[in-house]
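Following: one structure in structure tokens, then a few remarks.
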Amino acid sequence: MVKAVINGIPIEVEEGVTILDAARKAQINIPTLCKHPDLTSSASCGICVVKLKKNNRMFRACCTPIEEGMEIITHDPEIIEIRRTVVELILSNHPNDCLKCGRNNNCELQKLVADFGIREEHFDKFVRDIPKDSSTGTIVLEASKCIKCGRCVDVCQNMQDVWALSFLERGIHTRISPAGDIKLADSPCVRCGQCSEHCPTGAIFEFDETSKVWEGLMDPEKYCVVQIAPAVRVSIGESFGFQPGVNLTKKTYALLRRLGFKAVFDTSFGADVTIMEEASEFVERFVHKKGTLPLITTCCPAWVDFMEKFHPDMIDHFSSCKSPHEIMGVLSKTYFAREKKIDPEKVFMVSIMPCTAKKYEITRTDEMFASGYQDIDVVLTTRELARMVKQAGLDFAQLPEEEPDHVLGDYTGGGVIFGATGGVMEAALRTAYYLVTEKQFPKVEFENVRGLKGVKETSIKIDDTKVNIAIAHGLSNVEYVLNKIREAKKNNQPMPYHFIEVMACPGGCVGGGGQPYGVTDAIRTLRSKGLYAHDDAMKLRCSHDNPFVQKLYNEFLGKPLGKRSHELLHTDYKARPVYRK
Amino acid sequence: MEKTVFIKDTDGGTKDRTREFYTEFINQLRERKLEDKIQVVRVADVGVYNQGVVMRLLPDNFLYGQLEMANIPALIDESVVPGKRIDHLTCHHISKQMKIVLRNCGVIDPEDIEDYIAHDGYQALAKVLTEYTPEKVIEEMKASGLRGRGGAGYPTWLKWKFTREVKSDEKYVICNGDEGDPGAYMDRSVLEGDPHTVIEGMVIAAYVVGATQGYFYIRAEYPLAVDRIQKAIAQAYDYGLLGKNILGSSFSLDVDVRLGAGAFVCGEETALLASVEGKRGYPHPRPPYPAVKGLWNHPTVINNVETLANISSIMLKGGKWFSGIGTETSKGTKVFAVTGKVKNSGLVEVPMGTTLREIVFDIGGGVLNDKKIKAVQTGGPSGGVIPEDFHNIPVGYENLQKLGSIMGSGGMIVMDETDCMVDIAKFYLRFCVDESCGKCAPCRIGGTQLLNILEKISEGTAHLDDLKKMRKISFAMQKASLCGLGQTASNPVLSTMSFFEEEYKTHVVDKKCPSRRCSRLFSYSIIQEKCVKCGACYRNCPVNAISGSRESGYKISENACIRCNRCFEVCKFNAIDRG
Amino acid sequence: MKKMTKEELQKLKEGWGKEKKNWIRVGYSSCGIAAGADEVYNTLREEISKRNINIEIKKCGCVGMCYAEPLVEVNVEGAPRVYYGKVDKDIAAKIVERHVSGKMLLNDRIYDVKVNS
């Protein structure tokens, strides 16, 4: 333990704690801008400077560890003046576009400028006119708003191991761009959106498609239907004053109907269907030895893109099953349209996702048009939905609770935990166990697959057979798992795992690229807890017990992995170049 | 010839009397029939300045100054012939230079390791490896008082001690040869002229801290230095002075070369480490310091070229010897690159404590064209200007800091009355803005804003409160920048503002540049009364800004004029005004 | 070359003996080369071989008088040891002819005189 004094207040913290964290014990939140709890300090903005009492030396609180006997002053007129000057300097390099910017009212720079009471701009403006890059159709890079905090580069290179973003040029000309100054769509970008999730300003933003949805809703010819992803229900409330993790499923159904959707579905139903297909796939490979092991999940499109670009040698391991919302899409334009006797061409299917990569997924291959039409018409992120709610003026907190449309709306606990890392695996195992043993799992909660550890390795017993499992979230954790497989292959050893789940975003979909801003490990945990609590409270915990799923198979699909399933619910993969052109 | 007489009028200028004195001397020798015994030579430089006509006699080594023609008979009869010294004519002069770092430069062939060995090369290493423990070396280095010569002045022994004390299987030694200061080339000359002394210093450093791998980080703009070091390393391997079991001892060291790629910021420790690791040359916050977590997170010592070049001399002659040179807090010698408006520009190595005046006038020969000295700039883009009033201050780390400058790596630029202080500040700041890595906002944006204001000042569009703004930005940059580049980029500005505030005010308020440098603040015109209409200016103007004819006379267009000064130079009638 | 021990190092040093009596050194660092040391060096070599003179010409580093490059230091028995500065190929030829051969120093070209102290 280290004893020190901050602003005259004695504190005691563990060794290695930064001054920034230690100051909280003295009830001080030192202002920061470039710091993010997920990432190591880049120490670039210079706002968190504090003073050493004995010699007036100044250094950054975010990266300097507190030492025994240190006497720190966190604020005095001189320090505040320096911080203000730094904010003014950053402002002089930033366009005055707040009113028209997507982060208006939700921007970390805006907050600092307001907190420091800056009313006048003393310095000449130096804003570089860099054209917007919307080439991916999912993420928009507006480099002229960038404050060079470095978070997106750290995220893309170190947290996600994609290396689509980097710094170009130097000095005042520094800017964020893919290497080689190419368009984002031609770079390794997998559209996971983690860059936009961590960006403090409006420099990286999701591609806003709310106007497309409004148009669809206004079109009398269109029959608008909508689905919400598991992770959305425990985070949509954050834009309306609720704590992260509060389960607002039924209010969200009500809200969507009031926006004008004719049918409200739930992606968790699609998740249940995915489990039927994928668990069956696992049984095929594991029990009947047809196909390659380990089986790797594929509901995450950013992970699929990453694999196709960087690890195409793993394609055989991939589950051919589509992601839950794509399954919902194709079912809405076949099964549902048939049921309700609606012309499928008129069905306009919108997915509300925590994810930016889903915007890319919906036109990924021809198989995303398996219904004969584009299966999903528009993907909106949680953030975009929140904006639509505000535009409509809906008082979210006061809305009543409603039910979904039961055709594609009812789900089991297994379906809803998809949003947390380990959730897909847990749901799949619940059903795989049943498919193999024809018995229900005695205890359906697998604590070992839950939690925020980057790579979780565990195993379960199905009858007397041990099934080895690995779960990775955050793309930088994938290599470890894949290398173990390659190592085993090279040395002709048995596979270290049988079943692997990968989620591109740390924490799983609850920490997705389209979720409300300000994600930290604490918030990821709260949101996941919300999902697990929801699962806990449900009567039906296993996907195979979902009566509507059973109806779907009996009346329409036949059986899992059957002909119709393969036509509609499965896809394939191919190697893609890391850099296009 | 038995004796040689060297003659030079050290006052020089247009009234150079060297030839006159020389001719008369020879005549008088002829009268005495001595012209075949004594050679008289006119020299270009005799190492003494402003002492009138100077004469040196060899082999007796008498030096005489302030000589008149009338002295010649006495000089010949009473001194040259009998070999006796004439005291009242003697010019007392001792060379102010002391070569330790540069001792072999110009003496040995840098591409021949045996030449180095013949001049005591690798003797220090042999002594250390066979007689000294690392602790004993540290003690000797502590006694010497050697401080880092890269600019920070950190005690070398302490840096080695810290690195030695960290437990690790892998440790590194890096020689920082990035030398980015404009006008500084001391390290380049050492690497080109005596590469082995730096290698020897590195091996000793590695032995002390327990390193197994050394790197030379040399900027790519020094291809000859890189080439010579590579050759020297190869030869050292050949002779068993690098590699396994050096000189038969149990100590092994591998050394390799890494190139810079055009970034001044990579001379900063943490950015240098990033660069060697193949990453973008961004500085990183310290702690952790390189001694604890350096190259690839292993303990690393980073020493400047000049620091390492001192090691072998210290270990051979002892720390006590070294600490006997210099001042109380700044021991040993320092190599300075004296450039700018000085007659003898080049490298000088002087004991710490030598004054600026001695360096510029006694060694440098004085100001070019005998103009008046205005200031001396030290420390490169991190340093400041020192006006004439302070040129008697003994040079040392603390002394220069007290004057608002720094020692830096040793750049020393002499400035005269035609140098504009605003322009000087602008030059250094522009360099820092160009070289800024861009990571932290205070340096990246602050530097640009500061430069913007300086440009306004030199264009006559600034206001007095811009001076206040400059101080505000400079303060923020000093305190909130991540690395030394940003922290010191405002030094030239603050230094020139502090010593030459009037000059700034003249630019801002009167919109005039007294030194005729800031081209927007003065214009060229023809003084018609003096003009003889010869047309010389008209013919020589490179941009045809002068119009007219021999009949009607000539006129300069202010807008087209680029202030190149050609017309002023070619006019023989002083008819060009630079108001 | 065999890897040395401390004793062998000492022997190598002593083997070089005292400094030779006659030699020429040409400044060959970046400052010298930029000022034209290459041509000077080649001229010196040519002139020496033309006259069959036995004298060593060595390339060395920068001695610090960069303003006077190309620098040539000449030490010939029977004449003082001097530095010639701002040497070009004509002066180089004269150095060999007058100083090295004839032991007569050149006027107006000497920038430093080495005194045995």
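Numbering starts fresh at 1 for the residues of each chain in the structure tokens, the chains themselves are lettered A, B, ... in the order given, and ligands are numbered from 1 as they appear.
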(request) Enumerate as a ChimeraX atom specification the residues belonging to chain B that approach chain A to within 10 Å, with only C-alpha atoms taken into account. (result) /B:263,280-288,432-450,452-453,466,469,472-473,475-482
(message) Could you tell me which residues of chain B sit within 6 Å of chain C when counting only C-alpha atoms, and give me the result as JSON, numbers by chain?
(response) {"B": [41, 42, 43, 44, 45, 105, 106, 108, 109, 117, 118, 126, 192, 193, 238, 239, 240, 247, 248, 344, 345, 346, 347]}
For the residues in the current selection, export N, CA and C atoms as a PDB file, in the first residue's frame.
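Saved the output as again.pdb:
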```pdb
ATOM      1  N   VAL B  41      56.882  32.801 -44.038  1.00  0.00           N
ATOM      2  CA  VAL B  41      55.630  32.337 -44.655  1.00  0.00           C
ATOM      3  C   VAL B  41      54.476  33.215 -44.217  1.00  0.00           C
ATOM      4  N   ARG B  42      53.690  33.665 -45.212  1.00  0.00           N
ATOM      5  CA  ARG B  42      52.422  34.331 -44.858  1.00  0.00           C
ATOM      6  C   ARG B  42      51.401  33.231 -44.605  1.00  0.00           C
ATOM      7  N   VAL B  43      50.672  33.362 -43.501  1.00  0.00           N
ATOM      8  CA  VAL B  43      49.663  32.324 -43.236  1.00  0.00           C
ATOM      9  C   VAL B  43      48.264  32.916 -43.315  1.00  0.00           C
ATOM     10  N   ALA B  44      47.290  32.025 -43.474  1.00  0.00           N
ATOM     11  CA  ALA B  44      45.890  32.466 -43.512  1.00  0.00           C
ATOM     12  C   ALA B  44      45.361  32.653 -42.094  1.00  0.00           C
ATOM     13  N   ASP B  45      45.918  31.907 -41.145  1.00  0.00           N
ATOM     14  CA  ASP B  45      45.400  31.960 -39.772  1.00  0.00           C
ATOM     15  C   ASP B  45      46.530  31.560 -38.832  1.00  0.00           C
ATOM     16  N   CYS B 105      40.194  12.714 -33.810  1.00  0.00           N
ATOM     17  CA  CYS B 105      39.632  13.191 -35.079  1.00  0.00           C
ATOM     18  C   CYS B 105      40.654  14.036 -35.799  1.00  0.00           C
ATOM     19  N   GLY B 106      40.982  13.631 -36.988  1.00  0.00           N
ATOM     20  CA  GLY B 106      42.006  14.347 -37.742  1.00  0.00           C
ATOM     21  C   GLY B 106      43.382  13.754 -37.518  1.00  0.00           C
ATOM     22  N   ILE B 108      43.703   9.952 -36.636  1.00  0.00           N
ATOM     23  CA  ILE B 108      43.705   8.554 -37.082  1.00  0.00           C
ATOM     24  C   ILE B 108      42.817   8.375 -38.303  1.00  0.00           C
ATOM     25  N   ASP B 109      43.037   7.270 -38.966  1.00  0.00           N
ATOM     26  CA  ASP B 109      42.155   6.878 -40.058  1.00  0.00           C
ATOM     27  C   ASP B 109      40.972   6.153 -39.436  1.00  0.00           C
ATOM     28  N   ILE B 117      43.956   1.514 -32.204  1.00  0.00           N
ATOM     29  CA  ILE B 117      44.649   0.763 -31.160  1.00  0.00           C
ATOM     30  C   ILE B 117      46.021   1.372 -30.884  1.00  0.00           C
ATOM     31  N   ALA B 118      46.689   1.828 -31.969  1.00  0.00           N
ATOM     32  CA  ALA B 118      48.015   2.423 -31.796  1.00  0.00           C
ATOM     33  C   ALA B 118      47.945   3.688 -30.958  1.00  0.00           C
ATOM     34  N   ALA B 126      40.247  -2.977 -22.035  1.00  0.00           N
ATOM     35  CA  ALA B 126      41.058  -4.076 -21.510  1.00  0.00           C
ATOM     36  C   ALA B 126      41.230  -3.920 -20.014  1.00  0.00           C
ATOM     37  N   GLU B 192      32.045   9.862 -37.552  1.00  0.00           N
ATOM     38  CA  GLU B 192      32.801   9.746 -38.806  1.00  0.00           C
ATOM     39  C   GLU B 192      34.302   9.698 -38.577  1.00  0.00           C
ATOM     40  N   GLY B 193      34.754  10.420 -37.549  1.00  0.00           N
ATOM     41  CA  GLY B 193      36.199  10.575 -37.387  1.00  0.00           C
ATOM     42  C   GLY B 193      36.829   9.616 -36.391  1.00  0.00           C
ATOM     43  N   ASP B 238      35.918  -8.647 -35.768  1.00  0.00           N
ATOM     44  CA  ASP B 238      37.067  -9.395 -36.298  1.00  0.00           C
ATOM     45  C   ASP B 238      38.189  -9.534 -35.293  1.00  0.00           C
ATOM     46  N   TYR B 239      38.422  -8.447 -34.555  1.00  0.00           N
ATOM     47  CA  TYR B 239      39.548  -8.416 -33.636  1.00  0.00           C
ATOM     48  C   TYR B 239      39.170  -8.890 -32.242  1.00  0.00           C
ATOM     49  N   GLY B 240      37.972  -9.417 -32.092  1.00  0.00           N
ATOM     50  CA  GLY B 240      37.573  -9.944 -30.790  1.00  0.00           C
ATOM     51  C   GLY B 240      37.239  -8.865 -29.779  1.00  0.00           C
ATOM     52  N   LEU B 247      38.023  -9.833 -25.636  1.00  0.00           N
ATOM     53  CA  LEU B 247      39.393  -9.835 -25.126  1.00  0.00           C
ATOM     54  C   LEU B 247      39.637 -11.039 -24.210  1.00  0.00           C
ATOM     55  N   GLY B 248      38.984 -12.137 -24.545  1.00  0.00           N
ATOM     56  CA  GLY B 248      39.186 -13.346 -23.759  1.00  0.00           C
ATOM     57  C   GLY B 248      38.486 -13.357 -22.415  1.00  0.00           C
ATOM     58  N   ASN B 344      35.506  31.757 -38.027  1.00  0.00           N
ATOM     59  CA  ASN B 344      35.986  30.380 -38.066  1.00  0.00           C
ATOM     60  C   ASN B 344      34.898  29.440 -37.595  1.00  0.00           C
ATOM     61  N   SER B 345      34.020  29.042 -38.523  1.00  0.00           N
ATOM     62  CA  SER B 345      32.945  28.149 -38.083  1.00  0.00           C
ATOM     63  C   SER B 345      33.472  26.721 -38.099  1.00  0.00           C
ATOM     64  N   GLY B 346      33.089  25.980 -37.100  1.00  0.00           N
ATOM     65  CA  GLY B 346      33.548  24.598 -37.044  1.00  0.00           C
ATOM     66  C   GLY B 346      33.309  24.033 -35.667  1.00  0.00           C
ATOM     67  N   LEU B 347      33.991  22.958 -35.359  1.00  0.00           N
ATOM     68  CA  LEU B 347      33.825  22.314 -34.063  1.00  0.00           C
ATOM     69  C   LEU B 347      34.940  22.742 -33.136  1.00  0.00           C
TER      70      LEU B 347
END
```
(request) Would you list, as number ranges by chain, the residues of stretch 328-405 of chain A that end up in helix (DSSP H, G or I) under DSSP run on this structure's backbone? (result) A: 328-340, 344-346, 357-361, 366-369, 382-392, 396-398
Give me a file of those residues, with C-alpha atoms, as a PDB file, in the first residue's frame.
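Written output follows (part_27.pdb):
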```pdb
ATOM      1  CA  MET A 328     -35.594 -13.542 -38.659  1.00  0.00           C
ATOM      2  CA  GLY A 329     -35.354 -11.568 -41.875  1.00  0.00           C
ATOM      3  CA  VAL A 330     -35.771 -14.510 -44.184  1.00  0.00           C
ATOM      4  CA  LEU A 331     -38.553 -15.973 -42.018  1.00  0.00           C
ATOM      5  CA  SER A 332     -40.430 -12.670 -41.999  1.00  0.00           C
ATOM      6  CA  LYS A 333     -40.536 -12.640 -45.783  1.00  0.00           C
ATOM      7  CA  THR A 334     -41.459 -16.328 -46.146  1.00  0.00           C
ATOM      8  CA  TYR A 335     -43.044 -17.937 -43.099  1.00  0.00           C
ATOM      9  CA  PHE A 336     -44.602 -14.818 -41.635  1.00  0.00           C
ATOM     10  CA  ALA A 337     -45.775 -13.386 -44.955  1.00  0.00           C
ATOM     11  CA  ARG A 338     -47.337 -16.707 -45.776  1.00  0.00           C
ATOM     12  CA  GLU A 339     -49.060 -16.906 -42.382  1.00  0.00           C
ATOM     13  CA  LYS A 340     -50.469 -13.428 -42.587  1.00  0.00           C
ATOM     14  CA  PRO A 344     -43.551 -10.642 -49.177  1.00  0.00           C
ATOM     15  CA  GLU A 345     -42.329  -7.934 -51.508  1.00  0.00           C
ATOM     16  CA  LYS A 346     -44.160  -5.417 -49.327  1.00  0.00           C
ATOM     17  CA  ALA A 357     -21.395  -4.649 -38.579  1.00  0.00           C
ATOM     18  CA  LYS A 358     -24.945  -5.903 -39.100  1.00  0.00           C
ATOM     19  CA  LYS A 359     -25.433  -2.969 -41.489  1.00  0.00           C
ATOM     20  CA  TYR A 360     -22.801  -4.565 -43.668  1.00  0.00           C
ATOM     21  CA  GLU A 361     -24.033  -8.120 -43.102  1.00  0.00           C
ATOM     22  CA  ASP A 366     -26.500 -13.503 -52.228  1.00  0.00           C
ATOM     23  CA  GLU A 367     -27.625 -15.745 -49.418  1.00  0.00           C
ATOM     24  CA  MET A 368     -28.831 -12.679 -47.551  1.00  0.00           C
ATOM     25  CA  PHE A 369     -31.515 -12.554 -50.224  1.00  0.00           C
ATOM     26  CA  THR A 382     -29.537   1.178 -30.463  1.00  0.00           C
ATOM     27  CA  ARG A 383     -28.345   4.792 -30.673  1.00  0.00           C
ATOM     28  CA  GLU A 384     -30.332   5.443 -33.836  1.00  0.00           C
ATOM     29  CA  LEU A 385     -33.470   3.994 -32.289  1.00  0.00           C
ATOM     30  CA  ALA A 386     -33.044   6.292 -29.306  1.00  0.00           C
ATOM     31  CA  ARG A 387     -32.941   9.245 -31.681  1.00  0.00           C
ATOM     32  CA  MET A 388     -36.086   8.095 -33.469  1.00  0.00           C
ATOM     33  CA  VAL A 389     -37.882   7.857 -30.144  1.00  0.00           C
ATOM     34  CA  LYS A 390     -36.902  11.420 -29.307  1.00  0.00           C
ATOM     35  CA  GLN A 391     -37.869  12.676 -32.745  1.00  0.00           C
ATOM     36  CA  ALA A 392     -41.298  11.129 -32.294  1.00  0.00           C
ATOM     37  CA  PHE A 396     -40.231   6.114 -23.058  1.00  0.00           C
ATOM     38  CA  ALA A 397     -40.335   5.837 -19.297  1.00  0.00           C
ATOM     39  CA  GLN A 398     -44.109   6.186 -19.243  1.00  0.00           C
TER      40      GLN A 398
END
```
(request) Between C:Glu97, C:Glu77, C:Glu46, C:Asp88, single out the one closest to C:Gly32, counting only C-alpha atoms. (result)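 Looking only at the distances to C:Gly32, the closest residue turns out to be C:Asp88.
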(request) Would you list the contacts of B:Ala560 as a list in words, taking every protein, DNA or RNA residue within 9 Å and counting only C-alpha atoms, but skipping same-chain residues closer than 6 positions in sequence? (result)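 Once the adjacent positions are removed, what remains is Val543, Asn544, Ala545 and Ile546 of chain B.
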(message) as a PyMOL selection string, please: the residues near stretch 311-325 of chain B (cut-off 9 Å, only C-alpha atoms, same-chain neighbours under 4 positions excluded).
(response) chain B and resi 100-101+121-125+127-128+137+139-146+197-198+200-202+204-205+307+330-333+351-353
(request) Identify, on the basis of only C-alpha atoms, every residue whose closest approach to B:Ile393 does not exceed 12 Å; exclude the query and any residue fewer than 4 positions from it along the same chain; express the result as a VMD selection string. (result) chain B and resid 327 352 to 359 386 to 389 397 to 403
(message) Residues near C:Val76, anyone? I mean within 10 Å using only C-alpha atoms, not counting same-chain ones fewer than 3 positions away, as a PyMOL selection string.
(response) chain C and resi 20-24+55+73+79-82+99-101+103
(request) Could you please write out, as a ChimeraX atom specification, every residue of stretch 11-113 of chain C that DSSP assigns to strand (DSSP E)? (result) /C:23-27,56-60,72-75,81-84,110-113
(request) Write out as a ChimeraX atom specification each polymer residue whose atoms come within 9 Å of B:His507, counting only C-alpha atoms; drop sequence neighbours fewer than 2 positions from it. (result) /B:422,457-460,462,502-505,509-514,518,521
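Atom CA of B:Ala375 is found 12.9 Å from atom CA of B:Ser498.
Going from atom CA of A:Thr274 to atom CA of A:Ile327 covers 7.6 Å.
Interatomic distance, atom CA of B:Ile373 to atom CA of B:Leu454: 23.5 Å.
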